[in-house]
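For reference, entry24.pdb (PDB, C-alpha atoms):
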```pdb
ATOM      1  CA  MET A   1       0.000   0.000   0.000
ATOM      2  CA  LYS A   2       1.141   3.538  -0.732
ATOM      3  CA  TYR A   3       0.630   6.752   1.195
ATOM      4  CA  LYS A   4       0.836  10.377   0.134
ATOM      5  CA  GLU A   5       3.247  12.322   2.336
ATOM      6  CA  ILE A   6       2.692  16.087   2.312
ATOM      7  CA  ARG A   7       5.444  18.179   3.843
ATOM      8  CA  VAL A   8       3.908  21.390   5.089
ATOM      9  CA  SER A   9       5.537  24.532   6.462
ATOM     10  CA  ILE A  10       2.946  26.881   7.932
ATOM     11  CA  PRO A  11       3.110  30.038  10.081
ATOM     12  CA  LYS A  12       2.917  29.151  13.776
ATOM     13  CA  ASP A  13      -0.227  31.274  14.179
ATOM     14  CA  PHE A  14      -2.138  28.839  11.956
ATOM     15  CA  ALA A  15      -0.565  25.561  13.110
ATOM     16  CA  GLU A  16      -3.129  24.875  15.843
ATOM     17  CA  GLU A  17      -6.086  25.488  13.549
ATOM     18  CA  PHE A  18      -4.486  23.414  10.797
ATOM     19  CA  SER A  19      -3.958  20.495  13.200
ATOM     20  CA  ALA A  20      -7.594  20.715  14.290
ATOM     21  CA  TYR A  21      -8.681  20.468  10.651
ATOM     22  CA  LEU A  22      -6.428  17.447  10.116
ATOM     23  CA  ASP A  23      -8.163  15.782  13.066
ATOM     24  CA  GLU A  24     -11.553  16.688  11.607
ATOM     25  CA  TRP A  25     -10.605  15.325   8.167
ATOM     26  CA  GLN A  26      -9.336  12.107   9.805
ATOM     27  CA  VAL A  27      -6.130  11.895   7.806
ATOM     28  CA  ALA A  28      -4.069   8.712   8.148
ATOM     29  CA  GLY A  29      -1.575  10.502  10.365
ATOM     30  CA  TYR A  30       0.392  13.684  10.972
ATOM     31  CA  TYR A  31       3.092  14.940  13.248
ATOM     32  CA  GLU A  32       4.995  18.129  13.904
ATOM     33  CA  ILE A  33       8.757  18.192  13.440
ATOM     34  CA  LEU A  34      10.399  20.084  16.279
ATOM     35  CA  PHE A  35      14.021  19.434  15.395
ATOM     36  CA  ASP A  36      13.883  19.492  11.620
ATOM     37  CA  ARG A  37      16.968  19.503   9.501
ATOM     38  CA  GLU A  38      17.148  22.058   6.747
ATOM     39  CA  GLU A  39      14.603  21.239   4.081
ATOM     40  CA  PRO A  40      15.625  21.034   0.417
ATOM     41  CA  ARG A  41      14.413  24.181  -1.287
ATOM     42  CA  LYS A  42      14.070  25.447  -4.793
ATOM     43  CA  PRO A  43      16.894  27.648  -6.107
ATOM     44  CA  GLY A  44      16.457  31.201  -4.879
ATOM     45  CA  GLU A  45      13.594  30.295  -2.576
ATOM     46  CA  GLU A  46      13.631  32.286   0.640
ATOM     47  CA  ILE A  47      13.800  30.277   3.851
ATOM     48  CA  ILE A  48      10.552  30.717   5.740
ATOM     49  CA  SER A  49      11.153  31.916   9.283
ATOM     50  CA  ASP A  50       9.081  31.214  12.369
ATOM     51  CA  ASN A  51       7.126  28.480  10.609
ATOM     52  CA  THR A  52       5.942  25.134  11.909
ATOM     53  CA  PRO A  53       6.913  22.073   9.831
ATOM     54  CA  ILE A  54       4.254  19.364   9.757
ATOM     55  CA  ARG A  55       4.240  16.020   7.980
ATOM     56  CA  VAL A  56       0.804  14.854   6.853
ATOM     57  CA  TYR A  57       0.080  11.307   5.666
ATOM     58  CA  LEU A  58      -2.914  10.427   3.520
ATOM     59  CA  ALA A  59      -4.280   7.059   2.467
ATOM     60  CA  GLU A  60      -3.803   6.263  -1.208
ATOM     61  CA  ASP A  61      -7.435   6.962  -2.090
ATOM     62  CA  ASP A  62      -7.842  10.098   0.076
ATOM     63  CA  VAL A  63      -8.058  12.733  -2.642
ATOM     64  CA  GLN A  64     -10.394  15.067  -0.760
ATOM     65  CA  SER A  65      -8.052  15.723   2.173
ATOM     66  CA  GLU A  66      -5.188  16.590  -0.137
ATOM     67  CA  ALA A  67      -7.348  19.144  -1.936
ATOM     68  CA  LYS A  68      -8.506  20.605   1.392
ATOM     69  CA  ILE A  69      -4.898  21.018   2.560
ATOM     70  CA  TRP A  70      -3.863  22.940  -0.559
ATOM     71  CA  ILE A  71      -6.987  25.123  -0.411
ATOM     72  CA  TYR A  72      -6.417  25.873   3.287
ATOM     73  CA  LEU A  73      -2.797  26.908   2.768
ATOM     74  CA  GLN A  74      -3.664  29.126  -0.181
ATOM     75  CA  THR A  75      -6.482  30.720   1.810
ATOM     76  CA  VAL A  76      -4.729  31.546   5.090
ATOM     77  CA  ALA A  77      -1.071  31.966   4.111
ATOM     78  CA  PRO A  78      -0.528  32.047   0.335
ATOM     79  CA  GLU A  79       2.757  33.972   0.594
ATOM     80  CA  ASN A  80       4.474  32.316   3.560
ATOM     81  CA  SER A  81       3.389  28.682   3.564
ATOM     82  CA  PHE A  82       5.067  25.878   1.680
ATOM     83  CA  ALA A  83       4.025  22.357   0.762
ATOM     84  CA  GLU A  84       5.286  19.511  -1.350
ATOM     85  CA  SER A  85       4.035  15.958  -1.717
ATOM     86  CA  ARG A  86       5.393  12.561  -2.674
ATOM     87  CA  TRP A  87       4.263   8.957  -2.738
ATOM     88  CA  ILE A  88       5.840   6.657  -0.167
ATOM     89  CA  GLU A  89       5.577   2.955   0.610
ATOM     90  CA  THR A  90       4.106   1.622   3.864
ATOM     91  CA  LYS A  91       7.540   1.043   5.387
ATOM     92  CA  GLU A  92       8.522   4.678   4.813
ATOM     93  CA  TYR A  93       5.201   5.762   6.312
ATOM     94  CA  GLU A  94       5.881   3.794   9.472
ATOM     95  CA  GLU A  95       9.556   4.710   9.756
ATOM     96  CA  ALA A  96       9.391   8.384   8.755
ATOM     97  CA  TYR A  97       9.630   9.859  12.257
ATOM     98  CA  LYS A  98      12.466   7.663  13.531
ATOM     99  CA  GLU A  99      15.299   9.826  12.257
ATOM    100  CA  PHE A 100      14.009  12.705  14.397
ATOM    101  CA  TYR A 101      13.390  10.746  17.583
ATOM    102  CA  LYS A 102      16.120  10.122  20.187
ATOM    103  CA  PRO A 103      16.040   9.549  23.995
ATOM    104  CA  PHE A 104      15.603  12.698  26.077
ATOM    105  CA  SER A 105      14.780  13.676  29.650
ATOM    106  CA  VAL A 106      11.863  15.756  30.878
ATOM    107  CA  GLY A 107      11.087  16.194  34.572
ATOM    108  CA  VAL A 108      11.411  12.855  36.362
ATOM    109  CA  PHE A 109      11.119  10.934  33.075
ATOM    110  CA  TRP A 110      13.416   9.673  30.377
ATOM    111  CA  VAL A 111      11.486   9.202  27.137
ATOM    112  CA  VAL A 112      13.118   6.465  25.083
ATOM    113  CA  PRO A 113      12.121   5.161  21.620
ATOM    114  CA  THR A 114      11.169   1.506  21.835
ATOM    115  CA  TRP A 115      13.753   0.562  19.208
ATOM    116  CA  GLU A 116      16.476   1.943  21.511
ATOM    117  CA  LYS A 117      15.085   0.395  24.716
ATOM    118  CA  GLU A 118      17.586  -2.463  25.032
ATOM    119  CA  ASP A 119      20.590  -0.280  24.268
ATOM    120  CA  TRP A 120      19.441   2.469  26.662
ATOM    121  CA  GLU A 121      18.853   0.055  29.548
ATOM    122  CA  LYS A 122      22.234  -1.561  28.997
ATOM    123  CA  ASN A 123      24.217   1.675  28.717
ATOM    124  CA  LYS A 124      22.308   4.207  30.832
ATOM    125  CA  LYS A 125      24.465   6.515  32.894
ATOM    126  CA  SER A 126      24.396   6.819  36.680
ATOM    127  CA  GLU A 127      22.328  10.014  36.579
ATOM    128  CA  GLN A 128      19.669   8.161  34.550
ATOM    129  CA  LYS A 129      19.261   5.237  36.953
ATOM    130  CA  ASP A 130      16.769   7.018  39.263
ATOM    131  CA  SER A 131      14.680   8.425  36.421
ATOM    132  CA  VAL A 132      11.369   6.945  35.268
ATOM    133  CA  PRO A 133      11.734   5.382  31.806
ATOM    134  CA  VAL A 134       8.869   5.747  29.340
ATOM    135  CA  TYR A 135       9.332   3.637  26.197
ATOM    136  CA  ILE A 136       7.448   5.031  23.226
ATOM    137  CA  ASN A 137       6.936   4.204  19.569
ATOM    138  CA  PRO A 138       4.600   6.981  18.449
ATOM    139  CA  GLY A 139       3.811   5.533  15.050
ATOM    140  CA  LEU A 140       1.722   8.137  13.279
ATOM    141  CA  ALA A 141      -0.118   9.115  16.456
ATOM    142  CA  PHE A 142       0.623  12.465  18.072
ATOM    143  CA  GLY A 143       2.866  12.091  21.083
ATOM    144  CA  THR A 144       6.582  11.663  20.574
ATOM    145  CA  GLY A 145       7.131  13.718  23.701
ATOM    146  CA  HIS A 146       9.140  16.312  21.803
ATOM    147  CA  HIS A 147       6.257  18.728  21.414
ATOM    148  CA  GLU A 148       6.104  21.528  23.968
ATOM    149  CA  THR A 149       2.597  20.589  25.117
ATOM    150  CA  THR A 150       3.573  16.987  25.856
ATOM    151  CA  ARG A 151       6.720  18.067  27.676
ATOM    152  CA  LEU A 152       4.717  20.527  29.760
ATOM    153  CA  VAL A 153       2.322  17.789  30.882
ATOM    154  CA  LEU A 154       5.119  15.311  31.573
ATOM    155  CA  SER A 155       6.951  17.884  33.676
ATOM    156  CA  ARG A 156       3.858  18.592  35.749
ATOM    157  CA  LEU A 157       2.803  14.946  36.141
ATOM    158  CA  GLY A 158       6.033  14.293  38.007
ATOM    159  CA  SER A 159       4.943  16.845  40.629
ATOM    160  CA  ILE A 160       1.491  15.319  41.225
ATOM    161  CA  ASP A 161       0.968  12.394  43.589
ATOM    162  CA  LEU A 162      -0.719   9.797  41.388
ATOM    163  CA  LYS A 163      -0.101   6.743  43.547
ATOM    164  CA  GLY A 164      -3.332   4.772  43.762
ATOM    165  CA  LYS A 165      -5.188   7.448  41.753
ATOM    166  CA  LYS A 166      -7.536   7.027  38.786
ATOM    167  CA  VAL A 167      -6.727   9.040  35.659
ATOM    168  CA  ALA A 168      -8.502   9.809  32.381
ATOM    169  CA  ASP A 169      -6.294  10.661  29.387
ATOM    170  CA  ILE A 170      -8.467  12.158  26.661
ATOM    171  CA  GLY A 171      -6.821  12.478  23.267
ATOM    172  CA  ALA A 172      -4.175   9.979  24.302
ATOM    173  CA  GLY A 173      -2.281   9.910  21.000
ATOM    174  CA  SER A 174       0.690   7.576  21.403
ATOM    175  CA  GLY A 175      -0.297   6.967  25.031
ATOM    176  CA  ILE A 176       2.843   8.638  26.349
ATOM    177  CA  LEU A 177       1.012  10.490  29.142
ATOM    178  CA  SER A 178      -0.985   7.419  30.142
ATOM    179  CA  VAL A 179       2.175   5.320  30.304
ATOM    180  CA  ALA A 180       3.839   8.046  32.379
ATOM    181  CA  ALA A 181       0.874   8.069  34.795
ATOM    182  CA  ALA A 182       1.080   4.296  35.135
ATOM    183  CA  LYS A 183       4.811   4.542  35.839
ATOM    184  CA  LEU A 184       3.913   6.932  38.687
ATOM    185  CA  ASP A 185       1.753   4.169  40.208
ATOM    186  CA  ALA A 186      -1.697   5.370  39.170
ATOM    187  CA  SER A 187      -4.093   2.520  39.955
ATOM    188  CA  LYS A 188      -6.115   2.836  36.745
ATOM    189  CA  ILE A 189      -5.912   4.920  33.582
ATOM    190  CA  ILE A 190      -8.594   5.190  30.906
ATOM    191  CA  ALA A 191      -6.933   6.374  27.669
ATOM    192  CA  VAL A 192      -9.155   7.341  24.738
ATOM    193  CA  ASP A 193      -8.587   8.808  21.291
ATOM    194  CA  ILE A 194     -10.841   9.199  18.262
ATOM    195  CA  ASP A 195      -8.027   8.103  15.915
ATOM    196  CA  PRO A 196      -7.736   4.304  15.436
ATOM    197  CA  ASN A 197      -4.003   4.785  14.728
ATOM    198  CA  ALA A 198      -3.635   6.343  18.176
ATOM    199  CA  VAL A 199      -5.502   3.465  19.821
ATOM    200  CA  ARG A 200      -3.157   0.959  18.193
ATOM    201  CA  SER A 201      -0.132   3.050  19.139
ATOM    202  CA  SER A 202      -1.253   3.458  22.771
ATOM    203  CA  THR A 203      -1.919  -0.253  23.079
ATOM    204  CA  PHE A 204       1.500  -1.126  21.659
ATOM    205  CA  ASN A 205       3.253   1.303  24.013
ATOM    206  CA  ARG A 206       1.312   0.038  27.018
ATOM    207  CA  ASP A 207       2.481  -3.491  26.280
ATOM    208  CA  GLU A 208       6.037  -2.372  25.513
ATOM    209  CA  ASN A 209       6.193  -0.819  29.000
ATOM    210  CA  GLU A 210       4.819  -4.034  30.525
ATOM    211  CA  ILE A 211       1.735  -2.324  31.935
ATOM    212  CA  SER A 212      -1.305  -4.488  32.589
ATOM    213  CA  PRO A 213      -4.386  -3.894  30.375
ATOM    214  CA  GLU A 214      -6.366  -3.824  33.625
ATOM    215  CA  VAL A 215      -4.319  -0.828  34.799
ATOM    216  CA  LEU A 216      -4.194   1.011  31.465
ATOM    217  CA  VAL A 217      -7.387   0.634  29.444
ATOM    218  CA  VAL A 218      -7.135   1.902  25.858
ATOM    219  CA  GLU A 219     -10.317   2.592  23.889
ATOM    220  CA  GLU A 220     -11.432   4.499  20.808
ATOM    221  CA  GLY A 221     -13.492   7.540  21.738
ATOM    222  CA  GLY A 222     -13.491  11.035  23.177
ATOM    223  CA  PHE A 223     -15.091  13.052  25.966
ATOM    224  CA  ASP A 224     -18.370  11.161  25.515
ATOM    225  CA  HIS A 225     -16.830   7.697  25.809
ATOM    226  CA  PRO A 226     -19.041   5.759  28.284
ATOM    227  CA  GLN A 227     -16.261   5.120  30.801
ATOM    228  CA  VAL A 228     -14.905   8.661  30.561
ATOM    229  CA  SER A 229     -18.296  10.318  30.905
ATOM    230  CA  THR A 230     -19.685   8.149  33.720
ATOM    231  CA  GLU A 231     -16.794   7.037  35.942
ATOM    232  CA  THR A 232     -15.142   9.176  38.625
ATOM    233  CA  PHE A 233     -11.497  10.231  38.240
ATOM    234  CA  ASP A 234      -8.894  11.822  40.477
ATOM    235  CA  LEU A 235      -7.341  13.561  37.462
ATOM    236  CA  CYS A 236      -8.358  14.252  33.882
ATOM    237  CA  VAL A 237      -5.562  15.003  31.391
ATOM    238  CA  ALA A 238      -6.368  16.579  28.020
ATOM    239  CA  ASN A 239      -3.507  17.534  25.715
ATOM    240  CA  ILE A 240      -5.709  18.713  22.868
ATOM    241  CA  THR A 241      -5.975  21.846  20.737
ATOM    242  CA  PHE A 242      -7.988  24.830  21.953
ATOM    243  CA  ALA A 243     -10.531  24.381  19.157
ATOM    244  CA  VAL A 244     -11.361  20.846  20.305
ATOM    245  CA  LEU A 245     -11.428  21.822  23.991
ATOM    246  CA  LYS A 246     -13.744  24.755  23.284
ATOM    247  CA  ALA A 247     -16.107  22.581  21.233
ATOM    248  CA  ASN A 248     -16.303  20.053  24.088
ATOM    249  CA  MET A 249     -16.533  22.438  27.041
ATOM    250  CA  GLU A 250     -20.005  21.237  28.031
ATOM    251  CA  LYS A 251     -18.768  17.625  28.093
ATOM    252  CA  ILE A 252     -15.686  18.660  30.075
ATOM    253  CA  ALA A 253     -17.937  20.331  32.635
ATOM    254  CA  GLY A 254     -19.902  17.096  32.930
ATOM    255  CA  LEU A 255     -16.896  14.913  33.749
ATOM    256  CA  HIS A 256     -16.825  13.400  37.232
ATOM    257  CA  THR A 257     -13.557  14.913  38.412
ATOM    258  CA  ASP A 258     -12.459  18.052  40.217
ATOM    259  CA  HIS A 259      -8.874  18.026  38.950
ATOM    260  CA  PHE A 260      -7.829  18.783  35.364
ATOM    261  CA  LEU A 261      -4.544  19.143  33.505
ATOM    262  CA  PHE A 262      -4.888  20.911  30.150
ATOM    263  CA  SER A 263      -2.325  21.614  27.455
ATOM    264  CA  GLY A 264      -2.509  22.274  23.723
ATOM    265  CA  VAL A 265      -3.681  25.886  24.161
ATOM    266  CA  ILE A 266      -1.558  28.600  22.562
ATOM    267  CA  THR A 267      -0.761  31.692  24.634
ATOM    268  CA  GLU A 268      -2.968  33.927  22.463
ATOM    269  CA  ARG A 269      -6.029  31.851  23.466
ATOM    270  CA  LYS A 270      -5.133  31.353  27.123
ATOM    271  CA  GLU A 271      -7.375  34.072  28.590
ATOM    272  CA  GLU A 272     -10.327  32.954  26.483
ATOM    273  CA  PHE A 273      -9.794  29.387  27.661
ATOM    274  CA  LEU A 274      -9.556  30.439  31.327
ATOM    275  CA  GLU A 275     -12.815  32.380  30.949
ATOM    276  CA  LEU A 276     -14.512  29.295  29.483
ATOM    277  CA  LEU A 277     -13.276  27.150  32.353
ATOM    278  CA  SER A 278     -14.403  29.671  34.934
ATOM    279  CA  SER A 279     -17.871  30.177  33.464
ATOM    280  CA  GLN A 280     -18.692  26.613  32.338
ATOM    281  CA  VAL A 281     -16.641  24.291  34.552
ATOM    282  CA  GLY A 282     -16.230  26.403  37.663
ATOM    283  CA  GLY A 283     -13.299  26.474  40.044
ATOM    284  CA  LYS A 284      -9.883  28.069  39.782
ATOM    285  CA  SER A 285      -6.417  27.691  38.323
ATOM    286  CA  LEU A 286      -3.953  25.809  40.542
ATOM    287  CA  TYR A 287      -0.865  26.105  38.382
ATOM    288  CA  GLU A 288       0.071  27.665  35.057
ATOM    289  CA  THR A 289       3.219  27.652  32.969
ATOM    290  CA  SER A 290       4.140  28.131  29.318
ATOM    291  CA  TRP A 291       6.808  27.185  26.842
ATOM    292  CA  ASN A 292       7.387  28.561  23.350
ATOM    293  CA  GLY A 293       3.881  29.970  23.077
ATOM    294  CA  TRP A 294       2.073  26.910  24.495
ATOM    295  CA  GLU A 295       0.255  26.840  27.831
ATOM    296  CA  LEU A 296      -0.235  24.291  30.578
ATOM    297  CA  ILE A 297      -3.113  24.873  32.986
ATOM    298  CA  GLU A 298      -3.851  22.808  36.072
ATOM    299  CA  TRP A 299      -7.450  23.463  37.111
ATOM    300  CA  ALA A 300      -9.400  22.518  40.257
ATOM    301  CA  ARG A 301     -13.158  22.559  40.539
ATOM    302  CA  LYS A 302     -13.023  22.821  44.361
TER     303      LYS A 302
END
```
Final structure tokens representation of the file:
Amino acid sequence: MKYKEIRVSIPKDFAEEFSAYLDEWQVAGYYEILFDREEPRKPGEEIISDNTPIRVYLAEDDVQSEAKIWIYLQTVAPENSFAESRWIETKEYEEAYKEFYKPFSVGVFWVVPTWEKEDWEKNKKSEQKDSVPVYINPGLAFGTGHHETTRLVLSRLGSIDLKGKKVADIGAGSGILSVAAAKLDASKIIAVDIDPNAVRSSTFNRDENEISPEVLVVEEGGFDHPQVSTETFDLCVANITFAVLKANMEKIAGLHTDHFLFSGVITERKEEFLELLSSQVGGKSLYETSWNGWELIEWARK
């Protein structure tokens, strides 16, 4: 099977909205490159500054999404966006992200690609021995751990006592945050995502970290998933774009938890998001921090 890879460079101001559209269009997969090497460019082409590089993957017969991507770029940023496409084989589709993904530390965690697990465990340095290893193969699901929003959540999770606690991870992506919660001795985690690729990726990573399916339950779904919407949680984690959070604010307010950890909101939308939380969910902010224009908000209903 073949896939169409579309390499997109888009102004940061539009990256969040573009990602939300990709979710809505249900493309085969996409991910943001945080540590991109210099892209090949046409002779005389000016290097685009302050842009976000995104790789989008479409199924062979998905003609509509490709057309929507080109139309979107020409509509919002005709002068300072860039895109090129090529056909790739399945193996390239699955391996595309690996060249950008190496072990790194964040907070109490070391995030290690699954294909480097054995080597890392054998050769880890003394300062790494007390860290919490999280082994991840993101596949085409969001959640390598490199993105600022994921790092923000990982950093904060290490400061929250999750031992024996029940956690909901909505928009789980690769399952990196759910695995991290399990490694901090959470008693049960319900991880949901609307993308079947993410469900497969989360399940693989759960098993790769030797976490019991009874401790980490992975399901396809969102805020209205039966277990998420009816069960009681000590913490709800949602690393999702502002557009998706805003559209689901009523469902968020209906969740049976008083403790939330949100990321995925850009700084320009932070105040609007805080107003929505205050008016529709109720409560107050416990902790806030930001990194490179992305926000993390810990919210308590009581």
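Atom CA of Trp120 of chain A to atom CA of Val167 of chain A spans 28.4 Å [interatomic distance, one decimal].
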Exercise for the section: Tell me which protein, DNA and RNA residues are within 10 Å of segment 237-251 of chain A, counting all atoms listed in the file, leaving out same-chain ones fewer than 4 positions away, and put them as a count of residues only. Expected result: 46
Exercise for the section: Write out as a count of residues only each polymer residue whose atoms come within 9 Å of Ile136 of chain A, counting all atoms listed in the file; drop sequence neighbours fewer than 3 positions from it. Expected result: 20
Problem - Result set of the PyMOL selection byres ((chain A and resi 69) around 10) on the coordinates above, as a list in words - result: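 On this input, the PyMOL selection byres ((chain A and resi 69) around 10) captures Ile6, Val8, Phe18, Tyr21, Leu22, Trp25, Val56, Gln64, Ser65, Glu66, Ala67, Lys68, Trp70, Ile71, Tyr72, Leu73, Gln74, Thr75 and Ala83 of chain A.
Pairwise distance (atom CA of Pro133 of chain A, atom CA of Asp207 of chain A) equals 14.0 Å.
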Exercise for the section: Output the residue selection produced by the PyMOL selection byres ((chain A and resi 180-186) around 8) on the file above, formatted as an NGL selection string. Expected result: :A and (109 or 132 or 134 or 154 or 157-158 or 161-167 or 176-179 or 187-189 or 211 or 215-216)
Next, dump the selected residues to file, keeping only C-alpha atoms, as a tab-separated table (two decimals), in the frame of the given file.
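File produced: again-v5.tsv:
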```tsv
chain	number	residue	atom	x	y	z
A	109	PHE	CA	11.12	10.93	33.08
A	132	VAL	CA	11.37	6.94	35.27
A	134	VAL	CA	8.87	5.75	29.34
A	154	LEU	CA	5.12	15.31	31.57
A	157	LEU	CA	2.80	14.95	36.14
A	158	GLY	CA	6.03	14.29	38.01
A	161	ASP	CA	0.97	12.39	43.59
A	162	LEU	CA	-0.72	9.80	41.39
A	163	LYS	CA	-0.10	6.74	43.55
A	164	GLY	CA	-3.33	4.77	43.76
A	165	LYS	CA	-5.19	7.45	41.75
A	166	LYS	CA	-7.54	7.03	38.79
A	167	VAL	CA	-6.73	9.04	35.66
A	176	ILE	CA	2.84	8.64	26.35
A	177	LEU	CA	1.01	10.49	29.14
A	178	SER	CA	-0.98	7.42	30.14
A	179	VAL	CA	2.17	5.32	30.30
A	187	SER	CA	-4.09	2.52	39.96
A	188	LYS	CA	-6.12	2.84	36.74
A	189	ILE	CA	-5.91	4.92	33.58
A	211	ILE	CA	1.74	-2.32	31.94
A	215	VAL	CA	-4.32	-0.83	34.80
A	216	LEU	CA	-4.19	1.01	31.46
```
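Taking atom CA of Pro103 of chain A and atom CA of Arg156 of chain A as the two end points, the separation is 19.2 Å.
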Handout entry: Selected residue, from A:Thr232, A:Gln227, A:Glu295, A:Arg301, that lies nearest to Ser279 of chain A when counting all atoms listed in the file
Key = A:Arg301
Practice task
Would you kindly return, as a count of residues only, each protein, DNA or RNA residue with an atom no farther than 10 Å from any atom of Lys2 of chain A, considering all atoms listed in the file and excluding same-chain residues fewer than 2 positions away?
Solution key: 13
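Against the coordinates shown, the PyMOL selection byres ((chain A and resi 30) around 6) returns Gly29, Tyr31, Arg55, Val56 and Tyr57 of chain A.
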Fill in the blank from the handout: Using only C-alpha atoms, the residue out of A:Thr267, A:Ser126, A:Thr230, A:Ser290 with shortest distance to Asp13 of chain A is A:Thr267
Kindly compute an axis-aligned box around the listed atoms of segment 162-166 of chain A, allowing 3 Å on each side, and express its centre and edge lengths in Å to one decimal as JSON.
```
{"center_x": -3.8, "center_y": 7.3, "center_z": 41.3, "size_x": 13.4, "size_y": 11.0, "size_z": 11.0}
```
For segment 225-237 of chain A, supply N, CA and C atoms and report the output as a PDB file, in the coordinates of the input.
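That gives us selection_33.pdb:
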```pdb
ATOM      1  N   HIS A 225     -17.009   9.136  25.633  1.00  0.00           N
ATOM      2  CA  HIS A 225     -16.830   7.697  25.809  1.00  0.00           C
ATOM      3  C   HIS A 225     -17.526   7.276  27.105  1.00  0.00           C
ATOM      4  N   PRO A 226     -18.258   6.158  27.104  1.00  0.00           N
ATOM      5  CA  PRO A 226     -19.041   5.759  28.284  1.00  0.00           C
ATOM      6  C   PRO A 226     -18.251   5.731  29.587  1.00  0.00           C
ATOM      7  N   GLN A 227     -17.035   5.179  29.565  1.00  0.00           N
ATOM      8  CA  GLN A 227     -16.261   5.120  30.801  1.00  0.00           C
ATOM      9  C   GLN A 227     -15.782   6.501  31.232  1.00  0.00           C
ATOM     10  N   VAL A 228     -15.396   7.312  30.252  1.00  0.00           N
ATOM     11  CA  VAL A 228     -14.905   8.661  30.561  1.00  0.00           C
ATOM     12  C   VAL A 228     -16.030   9.529  31.116  1.00  0.00           C
ATOM     13  N   SER A 229     -17.192   9.422  30.529  1.00  0.00           N
ATOM     14  CA  SER A 229     -18.296  10.318  30.905  1.00  0.00           C
ATOM     15  C   SER A 229     -19.053   9.882  32.157  1.00  0.00           C
ATOM     16  N   THR A 230     -18.901   8.620  32.582  1.00  0.00           N
ATOM     17  CA  THR A 230     -19.685   8.149  33.720  1.00  0.00           C
ATOM     18  C   THR A 230     -18.859   7.815  34.963  1.00  0.00           C
ATOM     19  N   GLU A 231     -17.606   7.420  34.792  1.00  0.00           N
ATOM     20  CA  GLU A 231     -16.794   7.037  35.942  1.00  0.00           C
ATOM     21  C   GLU A 231     -16.173   8.256  36.613  1.00  0.00           C
ATOM     22  N   THR A 232     -15.739   8.090  37.851  1.00  0.00           N
ATOM     23  CA  THR A 232     -15.142   9.176  38.625  1.00  0.00           C
ATOM     24  C   THR A 232     -13.622   9.064  38.584  1.00  0.00           C
ATOM     25  N   PHE A 233     -12.949  10.207  38.376  1.00  0.00           N
ATOM     26  CA  PHE A 233     -11.497  10.231  38.240  1.00  0.00           C
ATOM     27  C   PHE A 233     -10.873  11.220  39.231  1.00  0.00           C
ATOM     28  N   ASP A 234      -9.657  10.900  39.634  1.00  0.00           N
ATOM     29  CA  ASP A 234      -8.894  11.822  40.477  1.00  0.00           C
ATOM     30  C   ASP A 234      -8.231  12.909  39.638  1.00  0.00           C
ATOM     31  N   LEU A 235      -7.980  12.597  38.362  1.00  0.00           N
ATOM     32  CA  LEU A 235      -7.341  13.561  37.462  1.00  0.00           C
ATOM     33  C   LEU A 235      -7.768  13.278  36.035  1.00  0.00           C
ATOM     34  N   CYS A 236      -8.067  14.350  35.311  1.00  0.00           N
ATOM     35  CA  CYS A 236      -8.358  14.252  33.882  1.00  0.00           C
ATOM     36  C   CYS A 236      -7.289  15.034  33.128  1.00  0.00           C
ATOM     37  N   VAL A 237      -6.600  14.368  32.207  1.00  0.00           N
ATOM     38  CA  VAL A 237      -5.562  15.003  31.391  1.00  0.00           C
ATOM     39  C   VAL A 237      -6.086  15.153  29.969  1.00  0.00           C
TER      40      VAL A 237
END
```
